[in-house]
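A.B. asks: Before I ask anything, here is the structure I am working with.
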Amino acid sequence: MSNYHIKHLEEYFQVYRKSVRNPESFWEEVAEEHFVWRKRWDKVLSWDFNKPEIRWFEGAKLNITENCLDRHLPTKGDKTAIIFEPNDPKEEAQHITYKQLYERVCRMANVLTEQGISKGDRVCIYLPMIPELAVSVLACARIGAIHSVVFAGFSANALATRINDSECKMVITSDGSYRGAKTIDLKGIVDEALKSCPCVETVLVAKRINSEVKMQEGRDKWLQPLLDHAYQDCSAEVMDSEDPLFILYTSGSTGQPKGMVHTIGGYMVYTAYTFKNVFQYRDGDIYWCTADVGWITGHSYIVYGPLANGATTLMFEGIPTFPDSGRFWQVVEKHKVNQFYTAPTAIRALAKEGVEHVEACDLSSIKVLGTVGEPINEEAWHWYNETVGSKKSPIVDTWWQTETGGVMITPLPFVTPTKPTYATLPFPGIQPALMDEQGHEISGNQVEGRLCIKYPWPSIARTIWGNHQRYKDTYFSAFENMYFTGDGALRDEVGYYRITGRVDDVIIVSGHNLGTAPIEDAINEHPAVAESAIVGFPHDIKGNALYGYVTLKDVGESRDHNNLRKEINQLISDRIGPIAKLDKIQFTSGLPKTRSGKIMRRILRKIASKDTSNLGDTSTLLNPEVVQEIMDNAL
Ligand code: 7RM
């Protein structure tokens, strides 16, 4: 019997039990009944978390775009696949049918091939949220090239690091992008980045803002004329289930960003199956995820998951506050959105604007509300539930990661009773465990620990590009025979999970994961800076904001601190991007350190959060006197 669409709680428990008792036959059934394969697998799963090595649907052949496009053409050719809502509401929205999307993807795929891209090559996509972004992603998948989408808010330096790490041969970008009332010179940023990227041979440039841009002879090409001349059919490359589909970079707690590698078969099965159930998507529904395709949420739940289900997915180019703070609700009303999926940071920002913007719009089309990216606080949860959902649209608080590929812990709407701030229950096939610091699993309910997953699921990332050792060290070494998420969680009296936040040096600011180390590296480049430490502190809208403690090299020299603060933030903006700028910068004569030289961030975190009643054990500090100084001058 098919378990593809879970409709009530009893059925969920039944499916869940089956998925745990016999994961292989469970996933085999899902894979068999709902996807098209060119060749069946020889083995459903082989795995070893110690190596680590994970393979799903080994030996199977397929192309994911045949599942997202071709197979829908006979029945849904004229159905809208993508609704494009532009930055400026005065510009007309576009409705791209499955047939049109198929043709655009094929043309783009043919252009890529003509320009020398073939199976296994890496293509960097640095585009705003315009249809070309989804089309480029799918075109890469069509010919077996590996896409590496870099969020178009990253700086030239961050872009160059990512291009070089995976040795991309091509960059697909646009002349510029719109962001509310502003434009951003994307092509200029690419030019700057490519000064240090010898691997890039070709740059394809889409026109979006019609700005004057410099085109480098032999390297840069306008995309549209190439598309106009390309053929509208392109046979799909037959891929192995375990061939890489894409690389997506995520911040680590130390050093370089990690290029997470996702492979085709398992990722397709898991994102499609979760999409269907997490949003209870029905044929004819209009689904909108407000994320950018530059993040995993956009990959899995704007592009692949919805399209594999033949759904209508909305792509929004703009920002929540342009032309005014009612934009999200205006778009919901305009397109009669049925499922709306956004981040807690956006909810908090819009809640601050009051209820007028929401009440001005007809939101009666909404059936399901979703959140993702960080823990949602109680107040924001209730505002979302009452003001946006009129208490009748269940909120799915979906916990997952770039590394997990798809949603892991979540309520199913109309199936799982929700509880504010709880991600509730594991999705079928997911076996969570809470671990104590000694490495033992904590059994029973009403407990708290570090969140691990005991058994592989189809869309787990398979490696870090070019650094399998780091993959092992980061995810499979903290706890034996477990995938470690880096998050803490608690389990309540009925077994519901609540994610309490990161337990490592990753800070989530407005839903963006930021590693402290790369920010500190950027600050330390300033000639006047000796040392720095970044911590997060609670922020009403961003969830967390960044607080930097900075020591200067020459304390005798008097420098204007406000100027220094500006210079430091400019450096961060240049090296990483504006999202990593610090809200507060405190200059101090030293940082609290342990005898082994580790900065004691725990203390800095408490001071930044104005929670200094109990600083905990400071006996291992080398320089306890500096703590008082930092407290006295805290911002
Ligand atoms: C999808 C995504 C992953 C980190 C993760 C958590 C945090 C995400 C929730 C959440 C509490 C949630 N991928 N996180 N979702 N925390 N409740 N529903 O965000 O790689 O960018 O971030 O985000 O800390 O480890 S991500």
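Each chain in the structure tokens gets a letter, A, B, ..., in the order shown, and its residues are numbered from 1; ligands are numbered from 1 in order too.
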Which residues are near ligand 1 - at most 7 Å, using only C-alpha atoms and all ligand atoms? Format: as a list in words.

C.D. replies: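 The distance check yields Thr250, Trp295, Ile296, Thr297, Thr371, Val372, Gly373, Glu374, Pro375, Ile376, Asp397, Thr398, Trp399, Trp400, Gln401, Thr402, Glu403, Ala423, Thr485, Gly486, Asp487, Ile499, Thr500, Gly501, Arg502, Ile508, Gly511, His512 and Asn513 of chain A.
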
A.B. asks: Write the residues of the selection above to a file with N, CA and C atoms, as a PDB file, in the first residue's frame.

C.D. replies:
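As a result, part_10.pdb now contains:
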```pdb
ATOM      1  N   THR A 250      27.827  26.068   3.233  1.00  0.00           N
ATOM      2  CA  THR A 250      27.251  26.475   4.502  1.00  0.00           C
ATOM      3  C   THR A 250      28.396  26.835   5.442  1.00  0.00           C
ATOM      4  N   TRP A 295      19.711  29.488  -0.775  1.00  0.00           N
ATOM      5  CA  TRP A 295      19.803  28.673   0.440  1.00  0.00           C
ATOM      6  C   TRP A 295      19.196  27.304   0.171  1.00  0.00           C
ATOM      7  N   ILE A 296      19.427  26.357   1.078  1.00  0.00           N
ATOM      8  CA  ILE A 296      18.897  24.998   0.880  1.00  0.00           C
ATOM      9  C   ILE A 296      17.373  25.012   0.827  1.00  0.00           C
ATOM     10  N   THR A 297      16.745  25.890   1.607  1.00  0.00           N
ATOM     11  CA  THR A 297      15.277  25.923   1.618  1.00  0.00           C
ATOM     12  C   THR A 297      14.738  26.193   0.219  1.00  0.00           C
ATOM     13  N   THR A 371       7.283  27.609   9.077  1.00  0.00           N
ATOM     14  CA  THR A 371       8.461  28.391   9.439  1.00  0.00           C
ATOM     15  C   THR A 371       9.691  27.502   9.376  1.00  0.00           C
ATOM     16  N   VAL A 372      10.822  28.144   9.182  1.00  0.00           N
ATOM     17  CA  VAL A 372      12.088  27.422   9.098  1.00  0.00           C
ATOM     18  C   VAL A 372      13.252  28.374   9.315  1.00  0.00           C
ATOM     19  N   GLY A 373      14.350  27.825   9.814  1.00  0.00           N
ATOM     20  CA  GLY A 373      15.597  28.570   9.838  1.00  0.00           C
ATOM     21  C   GLY A 373      16.152  28.811  11.220  1.00  0.00           C
ATOM     22  N   GLU A 374      15.277  28.917  12.213  1.00  0.00           N
ATOM     23  CA  GLU A 374      15.729  29.174  13.579  1.00  0.00           C
ATOM     24  C   GLU A 374      14.557  28.891  14.503  1.00  0.00           C
ATOM     25  N   PRO A 375      14.835  28.812  15.797  1.00  0.00           N
ATOM     26  CA  PRO A 375      13.721  28.590  16.713  1.00  0.00           C
ATOM     27  C   PRO A 375      12.743  29.763  16.632  1.00  0.00           C
ATOM     28  N   ILE A 376      11.452  29.470  16.645  1.00  0.00           N
ATOM     29  CA  ILE A 376      10.462  30.543  16.652  1.00  0.00           C
ATOM     30  C   ILE A 376      10.041  30.766  18.098  1.00  0.00           C
ATOM     31  N   ASP A 397       6.325  24.038  12.045  1.00  0.00           N
ATOM     32  CA  ASP A 397       7.645  24.524  12.462  1.00  0.00           C
ATOM     33  C   ASP A 397       8.623  23.432  12.035  1.00  0.00           C
ATOM     34  N   THR A 398       9.290  23.663  10.895  1.00  0.00           N
ATOM     35  CA  THR A 398      10.078  22.596  10.269  1.00  0.00           C
ATOM     36  C   THR A 398      11.548  22.731  10.644  1.00  0.00           C
ATOM     37  N   TRP A 399      12.073  21.740  11.339  1.00  0.00           N
ATOM     38  CA  TRP A 399      13.497  21.761  11.665  1.00  0.00           C
ATOM     39  C   TRP A 399      14.278  20.912  10.662  1.00  0.00           C
ATOM     40  N   TRP A 400      15.320  21.521  10.096  1.00  0.00           N
ATOM     41  CA  TRP A 400      16.225  20.774   9.222  1.00  0.00           C
ATOM     42  C   TRP A 400      17.439  21.629   8.921  1.00  0.00           C
ATOM     43  N   GLN A 401      18.331  21.141   8.063  1.00  0.00           N
ATOM     44  CA  GLN A 401      19.622  21.792   7.826  1.00  0.00           C
ATOM     45  C   GLN A 401      20.041  21.641   6.360  1.00  0.00           C
ATOM     46  N   THR A 402      20.997  22.465   5.959  1.00  0.00           N
ATOM     47  CA  THR A 402      21.590  22.310   4.626  1.00  0.00           C
ATOM     48  C   THR A 402      22.056  20.867   4.450  1.00  0.00           C
ATOM     49  N   GLU A 403      22.638  20.336   5.498  1.00  0.00           N
ATOM     50  CA  GLU A 403      23.213  19.000   5.459  1.00  0.00           C
ATOM     51  C   GLU A 403      22.157  17.904   5.347  1.00  0.00           C
ATOM     52  N   ALA A 423       8.924  21.787  17.168  1.00  0.00           N
ATOM     53  CA  ALA A 423       8.942  21.198  15.825  1.00  0.00           C
ATOM     54  C   ALA A 423       8.203  19.847  15.848  1.00  0.00           C
ATOM     55  N   THR A 485      24.019  16.949  14.755  1.00  0.00           N
ATOM     56  CA  THR A 485      23.445  18.098  14.043  1.00  0.00           C
ATOM     57  C   THR A 485      24.069  19.438  14.413  1.00  0.00           C
ATOM     58  N   GLY A 486      24.709  19.503  15.592  1.00  0.00           N
ATOM     59  CA  GLY A 486      25.196  20.796  16.078  1.00  0.00           C
ATOM     60  C   GLY A 486      24.141  21.562  16.858  1.00  0.00           C
ATOM     61  N   ASP A 487      22.932  21.006  16.961  1.00  0.00           N
ATOM     62  CA  ASP A 487      21.852  21.667  17.698  1.00  0.00           C
ATOM     63  C   ASP A 487      21.579  20.957  19.020  1.00  0.00           C
ATOM     64  N   ILE A 499      13.626  22.498  19.387  1.00  0.00           N
ATOM     65  CA  ILE A 499      15.032  22.779  19.105  1.00  0.00           C
ATOM     66  C   ILE A 499      15.427  23.997  19.919  1.00  0.00           C
ATOM     67  N   THR A 500      16.502  23.879  20.710  1.00  0.00           N
ATOM     68  CA  THR A 500      16.848  24.994  21.587  1.00  0.00           C
ATOM     69  C   THR A 500      17.927  25.897  20.985  1.00  0.00           C
ATOM     70  N   GLY A 501      18.601  25.451  19.935  1.00  0.00           N
ATOM     71  CA  GLY A 501      19.592  26.313  19.277  1.00  0.00           C
ATOM     72  C   GLY A 501      20.928  25.616  19.110  1.00  0.00           C
ATOM     73  N   ARG A 502      21.852  26.331  18.484  1.00  0.00           N
ATOM     74  CA  ARG A 502      23.165  25.756  18.197  1.00  0.00           C
ATOM     75  C   ARG A 502      23.955  25.533  19.475  1.00  0.00           C
ATOM     76  N   ILE A 508      22.932  32.141  14.362  1.00  0.00           N
ATOM     77  CA  ILE A 508      21.925  32.342  13.324  1.00  0.00           C
ATOM     78  C   ILE A 508      21.342  33.748  13.445  1.00  0.00           C
ATOM     79  N   GLY A 511      18.056  34.261  10.403  1.00  0.00           N
ATOM     80  CA  GLY A 511      17.918  33.014   9.667  1.00  0.00           C
ATOM     81  C   GLY A 511      19.143  32.634   8.851  1.00  0.00           C
ATOM     82  N   HIS A 512      20.185  33.462   8.854  1.00  0.00           N
ATOM     83  CA  HIS A 512      21.411  33.110   8.128  1.00  0.00           C
ATOM     84  C   HIS A 512      22.426  32.530   9.097  1.00  0.00           C
ATOM     85  N   ASN A 513      22.982  31.380   8.735  1.00  0.00           N
ATOM     86  CA  ASN A 513      24.004  30.773   9.589  1.00  0.00           C
ATOM     87  C   ASN A 513      25.324  31.494   9.396  1.00  0.00           C
TER      88      ASN A 513
END
```

A.B. asks: Which residues are near Ile366 of chain A? Cut-off 9 Å, only C-alpha atoms, ignore same chain within fewer than 5 positions. Put them as a ChimeraX atom specification.

C.D. replies: /A:332,336-340,388-389,393

A.B. asks: Extract, using only C-alpha atoms, all DNA, RNA and protein residues at most 6 Å from segment 122-124 of chain A, discarding same-chain residues fewer than 6 positions from it, and format them as an NGL selection string.

C.D. replies: :A and (145-149 or 168 or 170-171)

A.B. asks: Could you please take those selected residues and save C-alpha atoms as a short mmCIF file (atom, residue, chain, number, x, y, z; two decimals), in the first residue's frame?

C.D. replies:
```cif
data_model
loop_
_atom_site.label_atom_id
_atom_site.label_comp_id
_atom_site.auth_asym_id
_atom_site.auth_seq_id
_atom_site.Cartn_x
_atom_site.Cartn_y
_atom_site.Cartn_z
CA ALA A 145 26.61 19.40 -14.44
CA ILE A 146 26.90 20.15 -10.71
CA HIS A 147 25.39 23.48 -9.73
CA SER A 148 26.77 25.59 -6.96
CA VAL A 149 24.32 28.39 -6.24
CA CYS A 168 33.72 26.17 -11.24
CA MET A 170 31.39 28.88 -15.50
CA VAL A 171 29.47 31.59 -13.67
#
```

A.B. asks: Check segment 241-291 of chain A with DSSP on the backbone and list each residue it calls strand (DSSP E or B), as a list of chain:residue names.

C.D. replies: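 Selection result, strand (DSSP E or B) within segment 241-291 of chain A: A:Pro244, A:Leu245, A:Phe246, A:Ile247, A:Leu248, A:Tyr249, A:Thr250, A:Lys258, A:Gly259, A:Met260, A:Val261, A:His262, A:Thr263, A:Ile286, A:Tyr287, A:Trp288, A:Cys289.
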
A.B. asks: In Å, how far is it from atom CA of Tyr267 of chain A to atom CA of Ala81 of chain A?

C.D. replies: 20.0 Å

A.B. asks: Provide the atom CA of Asn524 of chain A to atom CA of Gly153 of chain A distance in Å, to one decimal place.

C.D. replies: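 Atom CA of Gly153 of chain A lies 22.4 Å from atom CA of Asn524 of chain A.
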
A.B. asks: Within 12 Å of Arg282 of chain A, counting only C-alpha atoms, which residues qualify if same-chain residues fewer than 3 places away don't, as a PyMOL selection string?

C.D. replies: chain A and resi 5+7+275-279+285-287+306+309-312+338-339+367-368

A.B. asks: Extract the full set of alpha helix (DSSP H) residues from segment 146-337 of chain A according to DSSP on the backbone, and format it as JSON, numbers by chain.

C.D. replies: {"A": [156, 157, 158, 159, 160, 161, 162, 163, 164, 165, 186, 187, 188, 189, 190, 191, 192, 193, 194, 223, 224, 225, 226, 227, 228, 229, 264, 265, 266, 267, 268, 269, 270, 271, 272, 273, 274, 275, 276, 277, 278, 296, 297, 298, 305, 306, 307, 308, 327, 328, 329, 330, 331, 332, 333, 334, 335]}

A.B. asks: Considering only C-alpha atoms, return as a PDB file with C-alpha atoms, in the first residue's frame whatever protein or nucleic-acid residues lie within 7 Å of Asn544 of chain A, sequence-local ones (same chain, fewer than 3 positions apart) excluded.

C.D. replies:
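And here's part01.pdb as it stands now:
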```pdb
ATOM      1  CA  ILE A 508      21.925  32.342  13.324  1.00  0.00           C
ATOM      2  CA  VAL A 509      21.249  35.973  12.449  1.00  0.00           C
ATOM      3  CA  GLY A 536      25.449  36.343  19.544  1.00  0.00           C
ATOM      4  CA  PHE A 537      22.956  38.168  21.744  1.00  0.00           C
ATOM      5  CA  PRO A 538      19.158  38.095  21.599  1.00  0.00           C
ATOM      6  CA  HIS A 539      17.610  40.566  19.187  1.00  0.00           C
TER       7      HIS A 539
END
```

A.B. asks: Skipping near chain neighbours, those fewer than 4 positions away, what residues fall within 12 Å of Ala272 of chain A using only C-alpha atoms, listed as number ranges by chain?

C.D. replies: A: 4-5, 30-31, 34-35, 64, 67-68, 265-268, 276-281, 299-311, 405-407, 458-459

A.B. asks: Fewer than 5 positions away in the same chain doesn't count, so skip those; otherwise give me all residues within 10 Å of Gly259 of chain A, counting only C-alpha atoms, as a short mmCIF file (atom, residue, chain, number, x, y, z; two decimals) with all heavy atoms, in the first residue's frame.

C.D. replies:
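The result, written out as out-v1.cif:
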```
data_model
loop_
_atom_site.label_atom_id
_atom_site.label_comp_id
_atom_site.auth_asym_id
_atom_site.auth_seq_id
_atom_site.Cartn_x
_atom_site.Cartn_y
_atom_site.Cartn_z
N SER A 148 26.41 25.03 -8.25
CA SER A 148 26.77 25.59 -6.96
C SER A 148 26.16 26.99 -6.91
O SER A 148 26.71 27.94 -7.47
CB SER A 148 28.30 25.66 -6.83
OG SER A 148 28.66 26.45 -5.72
N ARG A 162 34.11 30.49 -2.86
CA ARG A 162 33.23 29.38 -3.22
C ARG A 162 33.51 28.89 -4.64
O ARG A 162 33.48 27.67 -4.89
CB ARG A 162 31.77 29.80 -3.03
CG ARG A 162 31.39 29.86 -1.54
CD ARG A 162 30.20 30.77 -1.27
NE ARG A 162 29.81 30.76 0.14
CZ ARG A 162 30.45 31.38 1.13
NH1 ARG A 162 31.56 32.09 0.88
NH2 ARG A 162 30.03 31.29 2.38
N ASP A 165 36.87 26.96 -4.46
CA ASP A 165 36.84 25.72 -3.69
C ASP A 165 36.36 24.55 -4.56
O ASP A 165 36.87 23.44 -4.45
CB ASP A 165 35.93 25.85 -2.47
CG ASP A 165 35.93 24.59 -1.63
OD1 ASP A 165 36.94 24.34 -0.95
OD2 ASP A 165 34.93 23.83 -1.68
N SER A 166 35.36 24.81 -5.41
CA SER A 166 34.84 23.71 -6.23
C SER A 166 35.26 23.85 -7.70
O SER A 166 34.74 23.14 -8.56
CB SER A 166 33.32 23.61 -6.09
OG SER A 166 32.73 24.88 -6.19
N PHE A 246 24.27 18.72 -6.64
CA PHE A 246 24.75 20.09 -6.40
C PHE A 246 25.67 20.17 -5.20
O PHE A 246 25.74 19.25 -4.38
CB PHE A 246 23.57 21.07 -6.23
CG PHE A 246 22.68 20.83 -5.03
CD1 PHE A 246 23.01 21.34 -3.77
CD2 PHE A 246 21.49 20.12 -5.16
CE1 PHE A 246 22.18 21.15 -2.67
CE2 PHE A 246 20.65 19.93 -4.07
CZ PHE A 246 21.00 20.44 -2.83
N ILE A 247 26.35 21.31 -5.14
CA ILE A 247 27.15 21.69 -3.98
C ILE A 247 26.49 22.94 -3.43
O ILE A 247 26.11 23.83 -4.20
CB ILE A 247 28.60 22.02 -4.39
CG1 ILE A 247 29.25 20.83 -5.09
CG2 ILE A 247 29.42 22.48 -3.19
CD1 ILE A 247 30.57 21.19 -5.80
N LEU A 248 26.33 23.00 -2.13
CA LEU A 248 25.82 24.23 -1.53
C LEU A 248 26.66 24.52 -0.29
O LEU A 248 26.83 23.66 0.57
CB LEU A 248 24.34 24.06 -1.17
CG LEU A 248 23.64 25.32 -0.63
CD1 LEU A 248 23.70 26.47 -1.62
CD2 LEU A 248 22.20 25.02 -0.27
N TYR A 249 27.17 25.75 -0.24
CA TYR A 249 28.08 26.09 0.85
C TYR A 249 27.33 26.52 2.10
O TYR A 249 26.33 27.22 2.03
CB TYR A 249 29.05 27.20 0.39
CG TYR A 249 30.06 26.63 -0.56
CD1 TYR A 249 29.80 26.56 -1.93
CD2 TYR A 249 31.24 26.06 -0.08
CE1 TYR A 249 30.71 25.98 -2.80
CE2 TYR A 249 32.15 25.48 -0.94
CZ TYR A 249 31.89 25.44 -2.30
OH TYR A 249 32.78 24.86 -3.14
N THR A 250 27.83 26.07 3.23
CA THR A 250 27.25 26.47 4.50
C THR A 250 28.40 26.84 5.44
O THR A 250 29.50 26.30 5.32
CB THR A 250 26.34 25.36 5.08
OG1 THR A 250 25.67 25.86 6.24
CG2 THR A 250 27.10 24.11 5.43
N SER A 251 28.14 27.79 6.35
CA SER A 251 29.21 28.24 7.24
C SER A 251 29.53 27.18 8.25
O SER A 251 28.65 26.53 8.80
CB SER A 251 28.79 29.48 8.01
OG SER A 251 28.04 30.31 7.23
N GLY A 252 30.80 27.04 8.54
CA GLY A 252 31.22 26.14 9.60
C GLY A 252 31.60 26.97 10.81
O GLY A 252 31.66 28.19 10.73
N GLU A 403 22.64 20.34 5.50
CA GLU A 403 23.21 19.00 5.46
C GLU A 403 22.16 17.90 5.35
O GLU A 403 22.44 16.81 4.87
CB GLU A 403 24.02 18.75 6.75
CG GLU A 403 25.25 19.64 6.92
CD GLU A 403 24.92 20.99 7.57
OE1 GLU A 403 23.74 21.41 7.53
OE2 GLU A 403 25.86 21.61 8.09
N ALA A 461 23.53 14.81 3.18
CA ALA A 461 24.67 15.18 2.34
C ALA A 461 25.71 14.06 2.43
O ALA A 461 25.91 13.47 3.49
CB ALA A 461 25.27 16.50 2.81
N THR A 463 29.09 14.21 1.47
CA THR A 463 30.46 14.59 1.80
C THR A 463 30.57 16.12 1.77
O THR A 463 29.61 16.81 1.46
CB THR A 463 31.47 13.97 0.80
OG1 THR A 463 32.82 14.17 1.27
CG2 THR A 463 31.34 14.54 -0.60
N ILE A 464 31.74 16.62 2.15
CA ILE A 464 32.07 18.03 1.92
C ILE A 464 33.00 18.04 0.72
O ILE A 464 33.99 17.28 0.69
CB ILE A 464 32.77 18.65 3.15
CG1 ILE A 464 31.77 18.77 4.31
CG2 ILE A 464 33.38 20.01 2.80
CD1 ILE A 464 32.40 19.21 5.63
N TRP A 465 32.68 18.84 -0.27
CA TRP A 465 33.46 18.87 -1.51
C TRP A 465 34.95 19.01 -1.21
O TRP A 465 35.36 19.97 -0.55
CB TRP A 465 32.98 20.02 -2.41
CG TRP A 465 33.68 20.00 -3.74
CD1 TRP A 465 34.81 20.69 -4.08
CD2 TRP A 465 33.31 19.21 -4.88
NE1 TRP A 465 35.16 20.38 -5.36
CE2 TRP A 465 34.28 19.48 -5.88
CE3 TRP A 465 32.27 18.31 -5.15
CZ2 TRP A 465 34.21 18.88 -7.15
CZ3 TRP A 465 32.21 17.72 -6.41
CH2 TRP A 465 33.18 18.01 -7.38
N GLY A 466 35.72 18.03 -1.66
CA GLY A 466 37.18 18.10 -1.53
C GLY A 466 37.71 17.88 -0.12
O GLY A 466 38.91 18.07 0.11
N ASN A 467 36.86 17.53 0.82
CA ASN A 467 37.35 17.39 2.19
C ASN A 467 36.51 16.39 2.99
O ASN A 467 35.78 16.76 3.90
CB ASN A 467 37.38 18.76 2.87
CG ASN A 467 38.29 18.78 4.09
OD1 ASN A 467 38.69 17.73 4.60
ND2 ASN A 467 38.60 19.97 4.57
N TYR A 471 34.17 16.32 6.74
CA TYR A 471 32.79 15.80 6.83
C TYR A 471 32.70 14.83 8.00
O TYR A 471 31.80 14.93 8.84
CB TYR A 471 32.48 15.11 5.50
CG TYR A 471 31.16 14.37 5.41
CD1 TYR A 471 29.94 15.05 5.38
CD2 TYR A 471 31.14 12.98 5.31
CE1 TYR A 471 28.74 14.35 5.25
CE2 TYR A 471 29.95 12.28 5.16
CZ TYR A 471 28.75 12.97 5.14
OH TYR A 471 27.58 12.29 5.01
#
```

A.B. asks: Go through A:Glu53, A:Asp574, A:Asp233, A:Glu333 and flag the residue nearest Cys106 of chain A, using only C-alpha atoms for the distances.

C.D. replies: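 Selected residue with least distance to Cys106 of chain A: A:Asp233.
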
A.B. asks: Could you work out how far atom CA of Ile541 of chain A lies from atom CA of Val355 of chain A, giving the answer in Å with one decimal?

C.D. replies: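 It comes out at 16.1 Å.
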
A.B. asks: Using only C-alpha atoms, which of the listed residues (A:Ala193, A:Leu127, A:Asn22, A:Gln115) sits closest to Arg219 of chain A?

C.D. replies: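 Nearest candidate to Arg219 of chain A out of A:Ala193, A:Leu127, A:Asn22, A:Gln115: A:Gln115.
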